[in-house]
Structures are given as structure tokens and as C-alpha cells.
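One structure is given here, and the rest of the page talks about it.
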Amino acid sequence: MTRLQKLAAFLVMLGPDNAAAILRQFPPREVEAISREMARFTLITREQQQALLRELAPVILSAATAMPAGLELTRATLEKALGSFKASDILGRIAPSRPIPAAMQDITDMDPRNIANLIRDEHTQTIAFVISHLPPEKAAQVLNLLRPEQRDQVIERLATLAPTPVEVTEKVAEVINAKLGVKQTRALTQTGGITTAADILNAMDKNVSRSLLTSLEERNPDLCQAIRKKMFTFEDLRRLDNQAIQRILREIEMRDLVLALKKASEPLTQLLLSNISRRAAETVREEMAFLGHVKLRDIEAAQFRIIDVVRKLEAEGEIDLDAALAPEDAVV
């Protein structure tokens with residue numbers, strides 16, 4: 001085989017999703033040439049596959065660089081596979097505990113009420129910084145003890161916290177610890193961000209959480225939407241019971257369902273389609289097949305419209321997410 005044919009054969013072996021990711025790196029003319037060779041293959045024997053892999057392995061290894069890994073990559077993978085709720089639960093069990101900076105140790109060990117009293121008169125950015133170092137449950141308790149207008153601002157600042165220079169973090173530690181009589185300070189690592197804000201809001205009373213999100217949406221709709229996406233994903237529908245699913249399906253557009261299911265897991269697809277008539281389910285499957293290539297942003301937009309329906313029904317009291325959520329081990 002020529003080099004072009006070998007590349008085409010290798011992409012065929014990788015499968016559509018992985019091949020598509022690689023093809024996007026080539027200019028249009030080369031994509032056309034590679035695609036032409038891919039289309040010419042009718043069968044790639046096991047012997048040809050093994051020979052091709054033996055030839056390509058040294059090239060791949062020599063071109064490879066260090067691969068990013070760690071907690072955030074694991075979180076992103078789990079969220080894509082299982083949804084935010086189950087991802088957070090699994091990470092809570094398997095992830096190593098985040099080391100608490102020495103300068104924050106005395107604060108994180110305090111009772112939530114004492115923490116709230118300690119920081120309630122500080123600048124909003126300082127409050128968000130301190131809360132970002134607390135476990136979600138304790139952070140939620142502290143937020144509940146702050147004034148409502150403070151909570152709104154703190155959540156927004158918390159979600160937008162950026163990496164902080166060492167000098168700034170040391171100054172924050174010095175100011176806070178001065179109230180406790182702690183003299184020694186060390187540089188702090190910045191936490192916070194969208195995921196932290198979502199985790200804390202999930203841990204709060206749902207009425208308070210909803211109120212905070214409504215207020216944030218008025219000031220910063222893009223940030224609010226980003227937090228909402230982390231709080232409840234389309235795949236999290238797998239954890240709802242059939243009664244809740246049926247109520248949701250009555251409110252959504254068929255076109256949205258077809259689009260949303262293009263990138264959904266098969267268990268979620270089966271769950272949703274099992275809650276409509278057999279004829280309707282067949283129609284959805286047929287339309288999914290006829291859709292062909294769909295832009296990822298269009299699929300995500302359809303999924304988010306369905307999530308908005310879920311939130312609307314919850315706000316109206318039509319469904320109760322807390323009651324409808326199945327136990328974690330019931331998710332398949």
C-alpha cells in the first residue's frame with residue numbers, strides 16, 4: 001500500500017469518531033484524497049491490520065508527547081460518560097483528598113457559623129476565595145448564613161475565580177488569619193471555578209439554589225448557563241423515574257428529542273424511547289438515521305432545551321427531582 005492508503009486504512013481501523021477527529025486536522029484537499037482511499041476499501045484483513053500496526057507503532061511512539069492526565073481529565077471523562085451527578089459521586093470516593101493549604105487549615109476546621117461570622121464583612125472576592133477551599137457541604141452551609149445579596153455576588157465571584165498570584169493569596173491569608181491570631185502564612189492554591197460553584201449550589205437547599213441562579217442569570221446569563229450545565233446534564237435524565245420521564249417527554253418537541261439523542265448513550269436512548277409508544281419510538285429512530293451529520297453545537301442546544309424543560313417543570317411543581325432521582329446503583 002502507498003502511504004496514503006496506509007493512512008486511510010488506519011483511519012478505517014480507528015472507527016468513525018476517532019477518524020473524524022484526525023481528519024479535521026487536514027486541509028480540505030487532503031481530506032478528499034484520504035476519504036477517496038477509505039471508500040475504496042472493501043475489506044482489511046487481520047493480517048493487513050497487524051502489519052500496519054507494526055509499521056505505525058514506532059512512528060506513533062516517537063511522535064507522542066506527554067499526555068495530560070489527572071483529576072480534571074478524569075472529571076471531564078466521567079461527566080461525558082455518566083453525567084455530572086454520578087461523576088461527582090465517583091470522584092468523591094476515588095479522588096485523593098485535596099491538600100488544604102496550611103494557612104487555611106484553621107479556617108476549614110471551624111464550624112460553618114464561625115466561618116460565616118469571620119468572613120461576612122470581608123470583600124466579596126475574599127469571601128469567595130475562602131469558600132472555594134471548603135468542602136461543598138460546608139461551603140453551602142456558610143453561604144446559607146450570609147445575607148441574600150451577599151450570596152448572589154459570592155456565587156458569581158466563585159464561578160469566575162482565576163488563578164491568583166502567590167503574593168495576593170498570601171495577603172488574603174494574612175488578613176483572615178490575623179482575626180484568628182495565626183501569624184504563619186503560606187501561599188495558597190486557588191480553587192473555585194464553574195464546577196466548584198455548581199457543586200456548592202447542588203449541596204444547598206434547592207429553593208435557595210434556584211433563587212441564586214435566577215439572580216445570577218439577570219446579571220450574567222452566560223455564566224449562569226455554564227453553571228447550570230454542570231449541575232444537571234442531559235445524561236442525568238437516566239436517573240429519573242419513568243413517571244418524571246413521561247411528564248418531561250410530553251413537554252418537549254419531537255425534533256429536539258431526535259437531535260438530542262444523536263450523541264446520547266444507548267441506555268439513555270432506550271430509557272426515553274421506552275416511555276413513548278412503540279410507533280413514536282420507531283419514528284424517532286428513523287429520523288435519527290436520516291439526520292446524517294449534525295453539528296455538535298446543535299445537538300447540545302437541543303439537549304439544553306430539554307434540560308430547561310426539566311427545570312421549568314420542577315419550578316412549577318410538576319416534577320420533584322429529589323424524589324424522582326433513582327439510587328446511584330440503579331443507573332445502568
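Identifiers in the C-alpha cells: chain A, B, ... in order shown; residue index from 1 per chain; ligand index from 1 in order shown.
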Problem set entry | Test item: residues at most 9 Å from Lys229 of chain A, only C-alpha atoms, excluding those fewer than 3 positions along its chain, as a PyMOL selection string | chain A and resi 84+198+224-226+232-234+304+307
Would you write out those residues with N, CA, C and O atoms, as a CSV table (one decimal), in the first residue's frame?
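Saved file selection15.csv follows:
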```
chain,number,residue,atom,x,y,z
A,84,SER,N,-22.9,14.8,35.4
A,84,SER,CA,-22.2,15.5,36.5
A,84,SER,C,-22.5,14.9,37.8
A,84,SER,O,-21.6,14.8,38.7
A,198,ALA,N,-21.0,25.0,40.9
A,198,ALA,CA,-22.1,24.0,40.7
A,198,ALA,C,-22.2,23.0,41.9
A,198,ALA,O,-23.3,22.7,42.3
A,224,CYS,N,-24.3,31.9,34.2
A,224,CYS,CA,-25.4,31.1,34.8
A,224,CYS,C,-25.7,29.8,34.0
A,224,CYS,O,-25.8,28.8,34.6
A,225,GLN,N,-25.7,30.0,32.7
A,225,GLN,CA,-25.9,28.8,31.9
A,225,GLN,C,-24.8,27.8,32.0
A,225,GLN,O,-25.0,26.6,32.1
A,226,ALA,N,-23.5,28.3,32.1
A,226,ALA,CA,-22.4,27.4,32.3
A,226,ALA,C,-22.5,26.6,33.6
A,226,ALA,O,-22.2,25.4,33.7
A,232,PHE,N,-26.7,19.8,36.1
A,232,PHE,CA,-27.6,18.8,35.6
A,232,PHE,C,-27.3,18.6,34.1
A,232,PHE,O,-27.5,19.6,33.4
A,233,THR,N,-26.9,17.5,33.7
A,233,THR,CA,-26.6,17.3,32.3
A,233,THR,C,-27.7,16.4,31.7
A,233,THR,O,-28.5,15.8,32.4
A,234,PHE,N,-27.7,16.3,30.3
A,234,PHE,CA,-28.7,15.5,29.6
A,234,PHE,C,-28.6,14.1,30.1
A,234,PHE,O,-29.6,13.4,30.2
A,304,PHE,N,-29.9,21.0,25.9
A,304,PHE,CA,-30.1,22.0,26.9
A,304,PHE,C,-31.5,22.5,26.9
A,304,PHE,O,-32.0,22.9,28.0
A,307,ILE,N,-33.2,20.1,29.0
A,307,ILE,CA,-32.9,20.3,30.4
A,307,ILE,C,-33.7,21.5,31.0
A,307,ILE,O,-34.1,21.5,32.1
```
For this session: Find the residues around Glu156 of chain A up to 9 Å (only C-alpha atoms counted), leave out those fewer than 4 positions away in its own chain, and share them as a list in words.
Result: Ala128, Arg151, Asp152, Thr160, Leu161, Ala197, Leu216, Asn220, Leu223 and Cys224 of chain A
What's the 10 Å shell around segment 40-51 of chain A, counting only C-alpha atoms, without same-chain residues fewer than 2 positions away, as a PDB file with C-alpha atoms, in the first residue's frame?
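part-v1.pdb, freshly written:
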```pdb
ATOM      1  CA  MET A   1       0.000   0.000   0.000  1.00  0.00           C
ATOM      2  CA  GLN A   5      -3.573   4.060   1.501  1.00  0.00           C
ATOM      3  CA  LYS A   6      -1.937   3.109   4.809  1.00  0.00           C
ATOM      4  CA  ALA A   8      -6.725   5.604   5.007  1.00  0.00           C
ATOM      5  CA  ALA A   9      -6.653   2.008   6.257  1.00  0.00           C
ATOM      6  CA  PHE A  10      -5.523   3.151   9.692  1.00  0.00           C
ATOM      7  CA  VAL A  12     -10.860   2.875   8.924  1.00  0.00           C
ATOM      8  CA  MET A  13      -9.468   0.752  11.761  1.00  0.00           C
ATOM      9  CA  SER A  35     -11.611   9.840   2.019  1.00  0.00           C
ATOM     10  CA  ARG A  36     -11.372   8.550  -1.543  1.00  0.00           C
ATOM     11  CA  GLU A  37      -8.917   5.864  -0.455  1.00  0.00           C
ATOM     12  CA  MET A  38     -11.035   4.984   2.578  1.00  0.00           C
ATOM     13  CA  LEU A  53       0.058  -1.547  13.287  1.00  0.00           C
ATOM     14  CA  ARG A  54       3.594  -2.973  13.475  1.00  0.00           C
ATOM     15  CA  GLU A  55       4.744  -0.374  10.955  1.00  0.00           C
ATOM     16  CA  LEU A  56       2.942   2.556  12.561  1.00  0.00           C
TER      17      LEU A  56
END
```
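Closest approach to Ser209 of chain A from the set A:Glu266, A:Thr126, A:Arg250, A:Ala315 is made by A:Ala315, with distances taken over only C-alpha atoms.
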For this session: Tell me which of A:Arg147, A:Glu218, A:Ile194, A:Asp121 sits closest to Ile176 of chain A, counting only C-alpha atoms.
Result: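 Going through A:Arg147, A:Glu218, A:Ile194, A:Asp121 one by one, the smallest distance to Ile176 of chain A is for A:Asp121.
With only C-alpha atoms taken into account, the protein and nucleic acid residues at most 9 Å from Asn202 of chain A (excluding it and anything under 6 positions from it in its own chain) are A:Pro136, A:Ala140, A:Ser209, A:Met231.
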Output C-alpha atoms of each residue in that selection to a file, as an mmCIF file, in the first residue's frame.
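Everything below was put into result-v4.cif:
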```cif
data_model
loop_
_atom_site.group_PDB
_atom_site.id
_atom_site.type_symbol
_atom_site.label_atom_id
_atom_site.label_comp_id
_atom_site.auth_asym_id
_atom_site.auth_seq_id
_atom_site.Cartn_x
_atom_site.Cartn_y
_atom_site.Cartn_z
ATOM 1 C CA PRO A 136 -19.133 21.661 49.056
ATOM 2 C CA ALA A 140 -23.161 25.533 51.207
ATOM 3 C CA SER A 209 -30.087 27.462 44.887
ATOM 4 C CA MET A 231 -25.406 20.974 37.814
#
```
For this session: Counting only C-alpha atoms, figure out which residue out of A:Ala139, A:Leu268, A:Ala21, A:Val258 gets nearest to Met110 of chain A.
Result: A:Ala139
For this session: Could you jot down the atom CA of Gln141 of chain A to atom CA of Ala203 of chain A separation for me, Å, one decimal place?
Result: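 Computing it gives 8.6 Å between the two atoms.
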